[in-house]
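Participant: Structure file my_file.txt, compact mmCIF, C-alpha atoms and all ligand atoms, is pasted below:
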```txt
# COMPACT_ATOMS: atom_id res chain seq x y z
CA MET A 1 78.51 94.58 71.85
CA SER A 2 79.87 96.70 69.02
CA GLU A 3 82.77 94.86 67.38
CA SER A 4 84.85 98.08 67.57
CA ARG A 5 84.90 97.99 71.40
CA SER A 6 87.69 96.07 73.10
CA LEU A 7 89.50 96.03 76.43
CA THR A 8 93.09 95.60 77.60
CA ILE A 9 93.54 94.17 81.10
CA GLY A 10 96.76 95.28 82.81
CA TRP A 11 98.03 92.59 85.21
CA LEU A 12 100.44 93.88 87.83
CA TYR A 13 103.59 91.76 88.22
CA PRO A 14 101.91 88.38 87.56
CA ASN A 15 105.05 86.41 88.38
CA LEU A 16 105.44 88.09 91.75
CA MET A 17 101.90 88.88 92.90
CA SER A 18 99.94 85.67 92.31
CA THR A 19 100.61 83.85 95.55
CA TYR A 20 96.96 83.66 96.63
CA GLY A 21 95.21 82.74 93.36
CA ASP A 22 94.18 86.22 92.33
CA ARG A 23 94.97 85.35 88.72
CA GLY A 24 91.37 84.14 88.89
CA ASN A 25 90.31 87.77 88.76
CA VAL A 26 92.12 88.22 85.44
CA ILE A 27 90.59 85.03 84.04
CA CYS A 28 87.11 86.08 85.22
CA LEU A 29 87.33 89.49 83.53
CA GLN A 30 88.73 87.90 80.38
CA ARG A 31 86.00 85.23 80.13
CA ARG A 32 83.15 87.63 80.95
CA CYS A 33 84.36 89.83 78.12
CA GLN A 34 84.74 86.88 75.71
CA TRP A 35 81.28 85.56 76.55
CA ARG A 36 79.99 88.97 75.39
CA ASP A 37 82.16 89.04 72.25
CA ILE A 38 84.27 91.87 73.64
CA PRO A 39 87.82 91.39 72.33
CA VAL A 40 90.16 91.38 75.33
CA THR A 41 93.93 91.47 75.68
CA ILE A 42 95.96 90.76 78.83
CA LEU A 43 99.09 92.87 79.26
CA PRO A 44 101.51 92.00 82.07
CA LEU A 45 102.70 95.18 83.84
CA ASP A 46 106.04 94.11 85.27
CA GLN A 47 109.82 94.54 85.09
CA GLN A 48 109.83 93.80 81.35
CA THR A 49 107.10 96.35 80.58
CA GLU A 50 107.96 99.84 79.42
CA ALA A 51 106.32 102.68 81.38
CA GLU A 52 104.50 103.85 78.23
CA GLN A 53 102.71 100.50 78.04
CA PHE A 54 101.24 101.09 81.51
CA SER A 55 99.12 103.81 79.89
CA GLU A 56 97.65 101.39 77.33
CA VAL A 57 95.46 99.46 79.76
CA ASP A 58 91.73 99.94 80.39
CA VAL A 59 91.38 98.01 83.64
CA ILE A 60 94.06 96.93 86.11
CA VAL A 61 94.29 93.83 88.29
CA GLY A 62 96.78 93.50 91.17
CA GLY A 63 97.03 90.34 93.25
CA GLY A 64 98.46 89.38 96.58
CA ALA A 65 102.06 88.57 97.45
CA GLN A 66 104.39 87.67 100.27
CA ASP A 67 106.38 90.44 101.92
CA ARG A 68 109.56 89.57 100.02
CA GLN A 69 107.86 89.77 96.61
CA GLN A 70 106.23 93.07 97.53
CA GLU A 71 109.66 94.51 98.24
CA ILE A 72 110.91 93.31 94.82
CA VAL A 73 107.88 94.84 93.08
CA MET A 74 108.45 98.23 94.68
CA ARG A 75 112.05 98.26 93.53
CA ASP A 76 110.68 98.27 89.97
CA LEU A 77 107.45 100.23 90.41
CA GLN A 78 109.21 103.57 90.62
CA GLY A 79 109.67 106.69 88.47
CA SER A 80 107.62 106.89 85.27
CA LYS A 81 105.99 103.49 85.85
CA ALA A 82 104.70 104.64 89.24
CA ASP A 83 103.67 108.02 87.84
CA THR A 84 101.76 106.40 84.98
CA LEU A 85 99.96 103.96 87.29
CA ARG A 86 99.04 106.77 89.65
CA SER A 87 97.76 108.98 86.83
CA LYS A 88 95.73 106.13 85.35
CA LEU A 89 93.97 105.48 88.65
CA ASP A 90 93.65 109.19 89.43
CA GLY A 91 92.10 109.56 85.97
CA GLY A 92 89.40 106.99 86.66
CA THR A 93 90.81 103.79 85.17
CA PRO A 94 89.08 101.01 87.09
CA GLY A 95 90.96 98.30 88.90
CA VAL A 96 90.78 95.64 91.56
CA PHE A 97 93.73 95.35 93.92
CA THR A 98 93.93 92.54 96.42
CA CYS A 99 95.83 92.46 99.68
CA GLY A 100 99.51 92.96 98.88
CA SER A 101 98.67 95.24 95.95
CA PRO A 102 96.64 97.87 97.82
CA GLN A 103 99.23 97.78 100.59
CA LEU A 104 101.65 99.12 97.95
CA LEU A 105 99.15 101.71 96.71
CA GLY A 106 99.16 103.24 100.19
CA HIS A 107 101.87 105.30 101.89
CA TYR A 108 103.88 102.36 103.21
CA TYR A 109 103.86 98.74 104.34
CA GLU A 110 105.91 97.73 107.40
CA PRO A 111 106.46 93.97 106.83
CA ALA A 112 106.91 91.33 109.49
CA LEU A 113 110.68 91.48 109.06
CA GLY A 114 112.95 93.99 107.34
CA GLN A 115 112.64 97.59 106.28
CA ARG A 116 109.48 99.62 105.64
CA ILE A 117 108.36 99.36 102.01
CA GLU A 118 107.43 102.79 100.71
CA GLY A 119 104.22 102.72 98.60
CA LEU A 120 102.85 104.89 95.83
CA GLY A 121 100.93 107.11 98.24
CA LEU A 122 97.87 106.98 95.98
CA LEU A 123 95.57 105.64 98.70
CA ASP A 124 95.62 107.41 102.05
CA LEU A 125 96.34 104.29 104.08
CA VAL A 126 99.20 102.59 105.86
CA THR A 127 99.80 98.93 106.65
CA LYS A 128 101.75 97.47 109.55
CA HIS A 129 102.55 93.82 110.12
CA PRO A 130 102.56 93.18 113.93
CA GLY A 131 105.40 90.69 113.58
CA PRO A 132 105.97 87.03 112.78
CA ASP A 133 104.68 85.85 116.17
CA VAL A 134 101.23 87.43 115.76
CA SER A 135 98.64 85.28 114.03
CA ARG A 136 97.66 86.17 110.51
CA CYS A 137 94.14 87.25 109.52
CA ILE A 138 93.02 84.09 107.76
CA GLY A 139 89.53 82.87 106.93
CA ASN A 140 86.30 83.52 105.08
CA VAL A 141 85.30 87.14 104.96
CA VAL A 142 81.90 88.69 104.24
CA PHE A 143 81.30 92.41 103.97
CA GLU A 144 78.76 94.85 102.57
CA ILE A 145 80.10 97.39 100.12
CA THR A 146 79.40 100.90 101.41
CA ALA A 147 81.74 103.04 99.28
CA SER A 148 80.03 105.55 97.05
CA PRO A 149 79.20 105.48 94.15
CA LEU A 150 80.16 101.79 93.87
CA ALA A 151 77.54 100.71 96.42
CA GLU A 152 74.81 102.60 94.59
CA ASP A 153 75.88 101.21 91.20
CA LEU A 154 75.93 97.62 92.47
CA THR A 155 72.64 97.98 94.39
CA LYS A 156 71.02 99.18 91.16
CA MET A 157 72.57 96.22 89.29
CA LEU A 158 71.56 93.64 91.92
CA GLY A 159 68.34 95.08 93.28
CA GLN A 160 69.76 94.62 96.79
CA PRO A 161 72.73 95.83 98.88
CA PRO A 162 75.99 94.37 97.51
CA VAL A 163 77.50 91.76 99.83
CA ILE A 164 80.96 90.41 99.06
CA ILE A 165 82.06 86.90 99.94
CA GLY A 166 85.75 86.12 99.94
CA PHE A 167 88.76 84.67 101.72
CA GLU A 168 91.46 86.65 103.49
CA ASN A 169 95.03 85.75 104.36
CA HIS A 170 97.19 88.65 105.51
CA GLY A 171 99.55 89.53 108.29
CA GLY A 172 99.54 93.26 107.62
CA ARG A 173 96.94 95.42 109.32
CA THR A 174 95.73 98.38 107.26
CA TYR A 175 94.58 101.69 108.71
CA LEU A 176 92.67 104.20 106.58
CA GLY A 177 93.19 107.96 106.49
CA ASP A 178 91.19 110.21 104.19
CA VAL A 179 89.92 107.46 101.89
CA GLN A 180 86.59 105.61 101.79
CA PRO A 181 86.50 102.11 103.22
CA LEU A 182 85.27 99.68 100.58
CA GLY A 183 82.82 98.16 103.03
CA LYS A 184 81.76 97.10 106.50
CA VAL A 185 82.72 93.64 107.78
CA GLN A 186 79.92 91.17 108.57
CA SER A 187 82.18 88.15 109.17
CA GLY A 188 85.97 87.96 109.30
CA TYR A 189 88.79 90.43 110.07
CA GLY A 190 88.78 93.00 107.29
CA ASN A 191 91.54 95.62 107.22
CA ASN A 192 92.78 95.11 110.76
CA GLY A 193 90.28 93.15 112.85
CA GLU A 194 89.55 96.26 114.92
CA ASP A 195 87.62 99.02 113.10
CA GLY A 196 85.20 96.86 111.11
CA TYR A 197 86.31 98.27 107.78
CA GLU A 198 87.26 96.24 104.73
CA GLY A 199 89.37 97.55 101.91
CA ALA A 200 89.30 101.03 100.43
CA PHE A 201 87.78 102.72 97.37
CA TYR A 202 89.28 105.57 95.36
CA ARG A 203 87.92 106.93 92.04
CA HIS A 204 87.25 103.54 90.31
CA ALA A 205 89.91 101.54 92.16
CA ILE A 206 88.72 98.73 94.43
CA ALA A 207 91.17 97.80 97.17
CA THR A 208 90.31 94.72 99.20
CA TYR A 209 91.75 91.96 101.36
CA SER A 210 89.32 89.54 99.76
CA HIS A 211 90.94 86.73 97.82
CA GLY A 212 88.70 83.90 96.72
CA PRO A 213 89.31 84.89 93.98
CA LEU A 214 87.11 87.89 94.50
CA LEU A 215 85.55 88.24 91.05
CA PRO A 216 84.36 84.67 90.33
CA LYS A 217 82.73 84.65 93.79
CA ASN A 218 81.18 88.07 93.19
CA PRO A 219 80.66 88.30 89.40
CA PHE A 220 78.68 91.52 89.64
CA VAL A 221 81.91 93.27 90.66
CA ALA A 222 83.59 91.93 87.51
CA ASP A 223 80.74 93.33 85.43
CA TRP A 224 81.02 96.70 87.18
CA LEU A 225 84.73 96.78 86.27
CA ILE A 226 84.07 95.83 82.63
CA LYS A 227 81.21 98.33 82.27
CA THR A 228 83.22 101.12 83.93
CA ALA A 229 86.31 100.39 81.82
CA LEU A 230 84.28 100.51 78.59
CA GLN A 231 82.47 103.69 79.64
CA GLU A 232 85.74 105.41 80.57
CA LYS A 233 87.42 104.29 77.34
CA TYR A 234 84.58 105.07 74.92
CA GLN A 235 82.93 107.88 76.90
CA THR A 236 79.45 106.47 76.44
CA GLU A 237 76.87 104.61 78.53
CA ILE A 238 77.39 100.84 78.27
CA ASP A 239 74.81 98.13 78.91
CA LEU A 240 76.33 94.69 79.29
CA MET A 241 74.49 91.56 78.15
CA PRO A 242 73.45 89.62 81.30
CA LEU A 243 75.23 86.30 81.90
CA ASP A 244 73.94 83.16 83.66
CA ASP A 245 75.57 83.32 87.12
CA LYS A 246 73.38 80.63 88.69
CA LEU A 247 76.33 78.52 89.84
CA ALA A 248 78.08 81.49 91.44
CA GLN A 249 74.86 82.45 93.19
CA GLN A 250 74.41 78.93 94.54
CA ALA A 251 77.99 78.96 95.84
CA ARG A 252 77.36 82.33 97.53
CA GLU A 253 74.20 81.11 99.20
CA ALA A 254 75.98 77.98 100.43
CA MET A 255 78.79 80.06 101.95
CA LEU A 256 76.41 82.57 103.57
CA LYS A 257 74.48 79.64 105.09
CA ARG A 258 77.72 78.04 106.34
CA LEU A 259 78.67 81.35 107.96
CA GLU A 260 75.14 81.68 109.33
CA LEU A 261 74.58 84.94 107.49
CA VAL A 262 71.21 85.11 105.84
CA GLY A 263 71.64 84.98 102.04
N1 LIG B 1 102.40 90.01 102.52
C1 LIG B 1 101.22 90.81 102.86
C2 LIG B 1 100.68 90.45 104.25
O1 LIG B 1 101.03 89.44 104.80
C3 LIG B 1 100.14 90.60 101.82
C4 LIG B 1 99.55 89.19 101.85
C5 LIG B 1 98.63 88.95 100.67
O2 LIG B 1 98.77 89.54 99.62
N2 LIG B 1 97.65 87.98 100.84
O3 LIG B 1 99.85 91.20 104.78
```
Take the structure I supplied and represent it as structure tokens, if you would.
Ligand code: GLN
Facilitator:
Amino acid sequence: MSESRSLTIGWLYPNLMSTYGDRGNVICLQRRCQWRDIPVTILPLDQQTEAEQFSEVDVIVGGGAQDRQQEIVMRDLQGSKADTLRSKLDGGTPGVFTCGSPQLLGHYYEPALGQRIEGLGLLDLVTKHPGPDVSRCIGNVVFEITASPLAEDLTKMLGQPPVIIGFENHGGRTYLGDVQPLGKVQSGYGNNGEDGYEGAFYRHAIATYSHGPLLPKNPFVADWLIKTALQEKYQTEIDLMPLDDKLAQQAREAMLKRLELVG
């Protein structure tokens, strides 16, 4: 990789939205860049960050959070910060947003208790928590990515349809409007346990309920994010050096076998 090419990872509210281990997605992107000698910087995007700095990132990671933390985040993610984040994603900056994060990228999230949390309205989706007495959607989740052109890109990379393996833990149920689902559920709940959809996909933004963390369990998605971020930043075709993902593949096969889904 040319020494002039580098990446900045924007990490949304790391102190508030890391309840479910999604910092692993940041670490995975960082290491997969370092293993390829791509200089990488991690920039927290939080209450201490100026709105202008939100525009400096090349790829964005948002993790999961409890209802209370999501409410605190949205008190800060307003005005020019919200506008900058929206314009980055509208403009094709890639990102991976897990659970509580995509809930805030939608129109609103109605938590188990308390007032509706208004979202950024970037993704045409809404999320409603059915209340504290209704069981949460918790467990392993497996789904095939169907969103275009992500599915085509990953199929070309893998030589087979892209299947995601993860772990979900959410009370909110998400309902899609005019936005692509990220994929179709093979095992688990997905967005709401009813329509068989998982996540959403918009421009180059991946929205998913899949913790795990997602990227170490599905390293090809990390590479898609890195490749897309470099291509968007440098406006040229990028070929990434392949990495040895044998261990990740073995873990995937073990999980697919445990869930009785052919690997
Ligand atoms: N608090 C939200 C919910 O319960 C998001 C949870 C999460 O980020 N895992 O649906």
Participant: Using only C-alpha atoms, can you list as a ChimeraX atom specification the residues within 7 Å of (83.0, 91.9, 99.1)?
Facilitator: /A:142-145,163-166,210
Participant: Provide the CA of Tyr13 in chain A to CA of Leu45 in chain A distance in Å, to one decimal place.
Facilitator: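 CA of Leu45 in chain A lies 5.6 Å from CA of Tyr13 in chain A.
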Participant: Can you check which parts of chain A lie within 8 Å of ligand LIG 1 (chain B)? Per residue, the shortest pair of atoms and distance in Å to one decimal, counting all atoms listed in the file, sorted by chain and number, as a Markdown table.
Facilitator:
```
| residue | atom | partner | partner_atom | distance |
| --- | --- | --- | --- | --- |
| A:Met17 | CA | B:LIG1 | O2 | 7.4 |
| A:Thr19 | CA | B:LIG1 | O2 | 7.2 |
| A:Tyr20 | CA | B:LIG1 | N2 | 6.1 |
| A:Gly63 | CA | B:LIG1 | O2 | 6.7 |
| A:Gly64 | CA | B:LIG1 | O2 | 3.1 |
| A:Ala65 | CA | B:LIG1 | O2 | 4.1 |
| A:Gln66 | CA | B:LIG1 | N1 | 3.8 |
| A:Asp67 | CA | B:LIG1 | N1 | 4.0 |
| A:Arg68 | CA | B:LIG1 | N1 | 7.6 |
| A:Gln70 | CA | B:LIG1 | N1 | 7.0 |
| A:Thr98 | CA | B:LIG1 | O2 | 6.5 |
| A:Cys99 | CA | B:LIG1 | O2 | 4.1 |
| A:Gly100 | CA | B:LIG1 | O2 | 3.6 |
| A:Ser101 | CA | B:LIG1 | O2 | 6.8 |
| A:Gln103 | CA | B:LIG1 | C3 | 7.3 |
| A:Pro111 | CA | B:LIG1 | N1 | 7.1 |
| A:Ala112 | CA | B:LIG1 | O1 | 7.8 |
| A:Thr127 | CA | B:LIG1 | O3 | 8.0 |
| A:His129 | CA | B:LIG1 | O3 | 6.5 |
| A:Arg136 | CA | B:LIG1 | O1 | 7.4 |
| A:Glu168 | CA | B:LIG1 | N2 | 6.9 |
| A:Asn169 | CA | B:LIG1 | N2 | 4.9 |
| A:His170 | CA | B:LIG1 | O3 | 3.8 |
| A:Gly171 | CA | B:LIG1 | O1 | 3.8 |
| A:Gly172 | CA | B:LIG1 | O3 | 3.5 |
| A:Arg173 | CA | B:LIG1 | O3 | 6.8 |
| A:Tyr209 | CA | B:LIG1 | N2 | 7.1 |
| A:His211 | CA | B:LIG1 | N2 | 7.5 |
```
Participant: Those selected residues, please, written with C-alpha atoms and delivered as a JSON list (two decimals), in the coordinates of the input.
Facilitator:
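Ended up saving to out.json:
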```
[["chain", "number", "residue", "atom", "x", "y", "z"],
["A", 17, "MET", "CA", 101.90, 88.88, 92.90],
["A", 19, "THR", "CA", 100.61, 83.85, 95.55],
["A", 20, "TYR", "CA", 96.96, 83.66, 96.63],
["A", 63, "GLY", "CA", 97.03, 90.34, 93.25],
["A", 64, "GLY", "CA", 98.46, 89.38, 96.58],
["A", 65, "ALA", "CA", 102.06, 88.57, 97.45],
["A", 66, "GLN", "CA", 104.39, 87.67, 100.27],
["A", 67, "ASP", "CA", 106.38, 90.44, 101.92],
["A", 68, "ARG", "CA", 109.56, 89.57, 100.02],
["A", 70, "GLN", "CA", 106.23, 93.07, 97.53],
["A", 98, "THR", "CA", 93.93, 92.54, 96.42],
["A", 99, "CYS", "CA", 95.83, 92.46, 99.68],
["A", 100, "GLY", "CA", 99.51, 92.96, 98.88],
["A", 101, "SER", "CA", 98.67, 95.24, 95.95],
["A", 103, "GLN", "CA", 99.23, 97.78, 100.59],
["A", 111, "PRO", "CA", 106.46, 93.97, 106.83],
["A", 112, "ALA", "CA", 106.91, 91.33, 109.49],
["A", 127, "THR", "CA", 99.80, 98.93, 106.65],
["A", 129, "HIS", "CA", 102.55, 93.82, 110.12],
["A", 136, "ARG", "CA", 97.66, 86.17, 110.51],
["A", 168, "GLU", "CA", 91.46, 86.65, 103.49],
["A", 169, "ASN", "CA", 95.03, 85.75, 104.36],
["A", 170, "HIS", "CA", 97.19, 88.65, 105.51],
["A", 171, "GLY", "CA", 99.55, 89.53, 108.29],
["A", 172, "GLY", "CA", 99.54, 93.26, 107.62],
["A", 173, "ARG", "CA", 96.94, 95.42, 109.32],
["A", 209, "TYR", "CA", 91.75, 91.96, 101.36],
["A", 211, "HIS", "CA", 90.94, 86.73, 97.82]]
```
Participant: Which residues, written as a PDB file with C-alpha atoms, in the frame of the given file, have at least one atom at most 12 Å from Ser4 in chain A, with all atoms listed in the file counted and residues fewer than 5 positions away on the same chain left out?
Facilitator:
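Printed below is result17.pdb as written:
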```pdb
ATOM      1  CA  ASP A  37      82.160  89.040  72.250  1.00  0.00           C
ATOM      2  CA  ILE A  38      84.270  91.870  73.640  1.00  0.00           C
ATOM      3  CA  PRO A  39      87.820  91.390  72.330  1.00  0.00           C
ATOM      4  CA  VAL A  40      90.160  91.380  75.330  1.00  0.00           C
ATOM      5  CA  LEU A 230      84.280 100.510  78.590  1.00  0.00           C
ATOM      6  CA  LYS A 233      87.420 104.290  77.340  1.00  0.00           C
ATOM      7  CA  TYR A 234      84.580 105.070  74.920  1.00  0.00           C
TER       8      TYR A 234
END
```
Participant: Residues near Leu105 in chain A, anyone? I mean within 9 Å using all atoms listed in the file, not counting same-chain ones fewer than 2 positions away, as a list in words.
Facilitator: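 Everything that qualifies: Arg86, Phe97, Ser101, Pro102, Gln103, His107, Tyr108, Gly119, Leu120, Gly121, Leu122, Leu123, Asp124, Leu125 and Ala207 of chain A.
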Participant: Counting only C-alpha atoms, find the residues whose atoms lie at most 10 Å from (73.8, 94.8, 94.6) (file coordinates) and write them out as a compact mmCIF listing (two decimals) with C-alpha atoms, in the coordinates of the input.
Facilitator:
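To be explicit, this is the file written out as selection-v6.txt:
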```
# COMPACT_ATOMS: atom_id res chain seq x y z
CA GLU A 144 78.76 94.85 102.57
CA ILE A 145 80.10 97.39 100.12
CA LEU A 150 80.16 101.79 93.87
CA ALA A 151 77.54 100.71 96.42
CA GLU A 152 74.81 102.60 94.59
CA ASP A 153 75.88 101.21 91.20
CA LEU A 154 75.93 97.62 92.47
CA THR A 155 72.64 97.98 94.39
CA LYS A 156 71.02 99.18 91.16
CA MET A 157 72.57 96.22 89.29
CA LEU A 158 71.56 93.64 91.92
CA GLY A 159 68.34 95.08 93.28
CA GLN A 160 69.76 94.62 96.79
CA PRO A 161 72.73 95.83 98.88
CA PRO A 162 75.99 94.37 97.51
CA VAL A 163 77.50 91.76 99.83
CA ILE A 164 80.96 90.41 99.06
CA PHE A 220 78.68 91.52 89.64
CA VAL A 221 81.91 93.27 90.66
```
Participant: As AutoDock Vina command-line options, please report the centre and edge lengths, rounded to one decimal in Å, of the axis-aligned box that holds all listed atoms of range 54-61 of chain A with 3 Å of padding on each of the six sides.
Facilitator:
```
--center_x 96.3 --center_y 98.8 --center_z 82.8 --size_x 15.9 --size_y 16.0 --size_z 17.0
```
Participant: Pick from A:Ile138, A:Leu12, A:Met74, A:Cys28: nearest to Asp46 in chain A, with all atoms listed in the file counted?
Facilitator: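 Of A:Ile138, A:Leu12, A:Met74, A:Cys28, the one nearest Asp46 in chain A is A:Leu12, counting all atoms listed in the file.
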Participant: CA of Cys33 in chain A to CA of Lys246 in chain A: how many Å, to one decimal?
Facilitator: 17.8 Å
Participant: Contacts of Tyr175 in chain A at 10 Å or less, counting only C-alpha atoms, minus same-chain residues fewer than 4 places along, as a ChimeraX atom specification?
Facilitator: /A:106,124-128,181,191-192,194-195,197-200
Participant: Would you write out those residues with C-alpha atoms, as a CSV table (one decimal), in the frame of the given file?
Facilitator:
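Produced file part.csv, reproduced below:
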```csv
chain,number,residue,atom,x,y,z
A,106,GLY,CA,99.2,103.2,100.2
A,124,ASP,CA,95.6,107.4,102.0
A,125,LEU,CA,96.3,104.3,104.1
A,126,VAL,CA,99.2,102.6,105.9
A,127,THR,CA,99.8,98.9,106.6
A,128,LYS,CA,101.8,97.5,109.6
A,181,PRO,CA,86.5,102.1,103.2
A,191,ASN,CA,91.5,95.6,107.2
A,192,ASN,CA,92.8,95.1,110.8
A,194,GLU,CA,89.6,96.3,114.9
A,195,ASP,CA,87.6,99.0,113.1
A,197,TYR,CA,86.3,98.3,107.8
A,198,GLU,CA,87.3,96.2,104.7
A,199,GLY,CA,89.4,97.6,101.9
A,200,ALA,CA,89.3,101.0,100.4
```
Participant: When you draw a straight line from CA of Gly79 in chain A to CA of His204 in chain A, how long is it in Å?
Facilitator: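 We find that CA of Gly79 in chain A and CA of His204 in chain A lie 22.7 Å from each other.
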Participant: In terms of the shortest atom-to-atom distance over all atoms listed in the file, which of A:Thr228, A:Ser148, A:Thr236, A:Gln53 is closest to Tyr202 in chain A?
Facilitator: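 Between A:Thr228, A:Ser148, A:Thr236, A:Gln53, the residue approaching Tyr202 in chain A most closely is A:Ser148.
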Participant: Let me make sure I understand: among A:Gly190, A:Lys217, A:Thr146, A:Arg36, which one has the smallest atom-to-atom distance to Asp239 in chain A if we use all atoms listed in the file?
Facilitator: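 Residue with the minimum atom-to-atom distance to Asp239 in chain A: A:Arg36.
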Participant: Have a look at A:Ile226, A:Gly212, A:Lys88, A:Arg116 and name the one nearest to Glu52 in chain A; count all atoms listed in the file.
Facilitator: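 Using all atoms listed in the file, Glu52 in chain A sits closest to A:Lys88.
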Participant: When you count all atoms listed in the file, which of these residues is closest to Ser187 in chain A: A:Pro213, A:Leu259, A:Leu247, A:Thr84?
Facilitator: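 The closest residue to Ser187 in chain A is A:Leu259.
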Participant: Considering all atoms listed in the file, can you say which of A:Leu261, A:Leu104, A:Val59, A:Val26 comes closest to Val141 in chain A?
Facilitator: A:Leu261
Participant: Do a neighbour search on Leu43 in chain A at 9 Å with all atoms listed in the file, toss out local chain neighbours closer than 2 positions, and write the hits as a VMD selection string.
Facilitator: chain A and resid 8 to 12 41 45 49 53 to 54 56 to 57
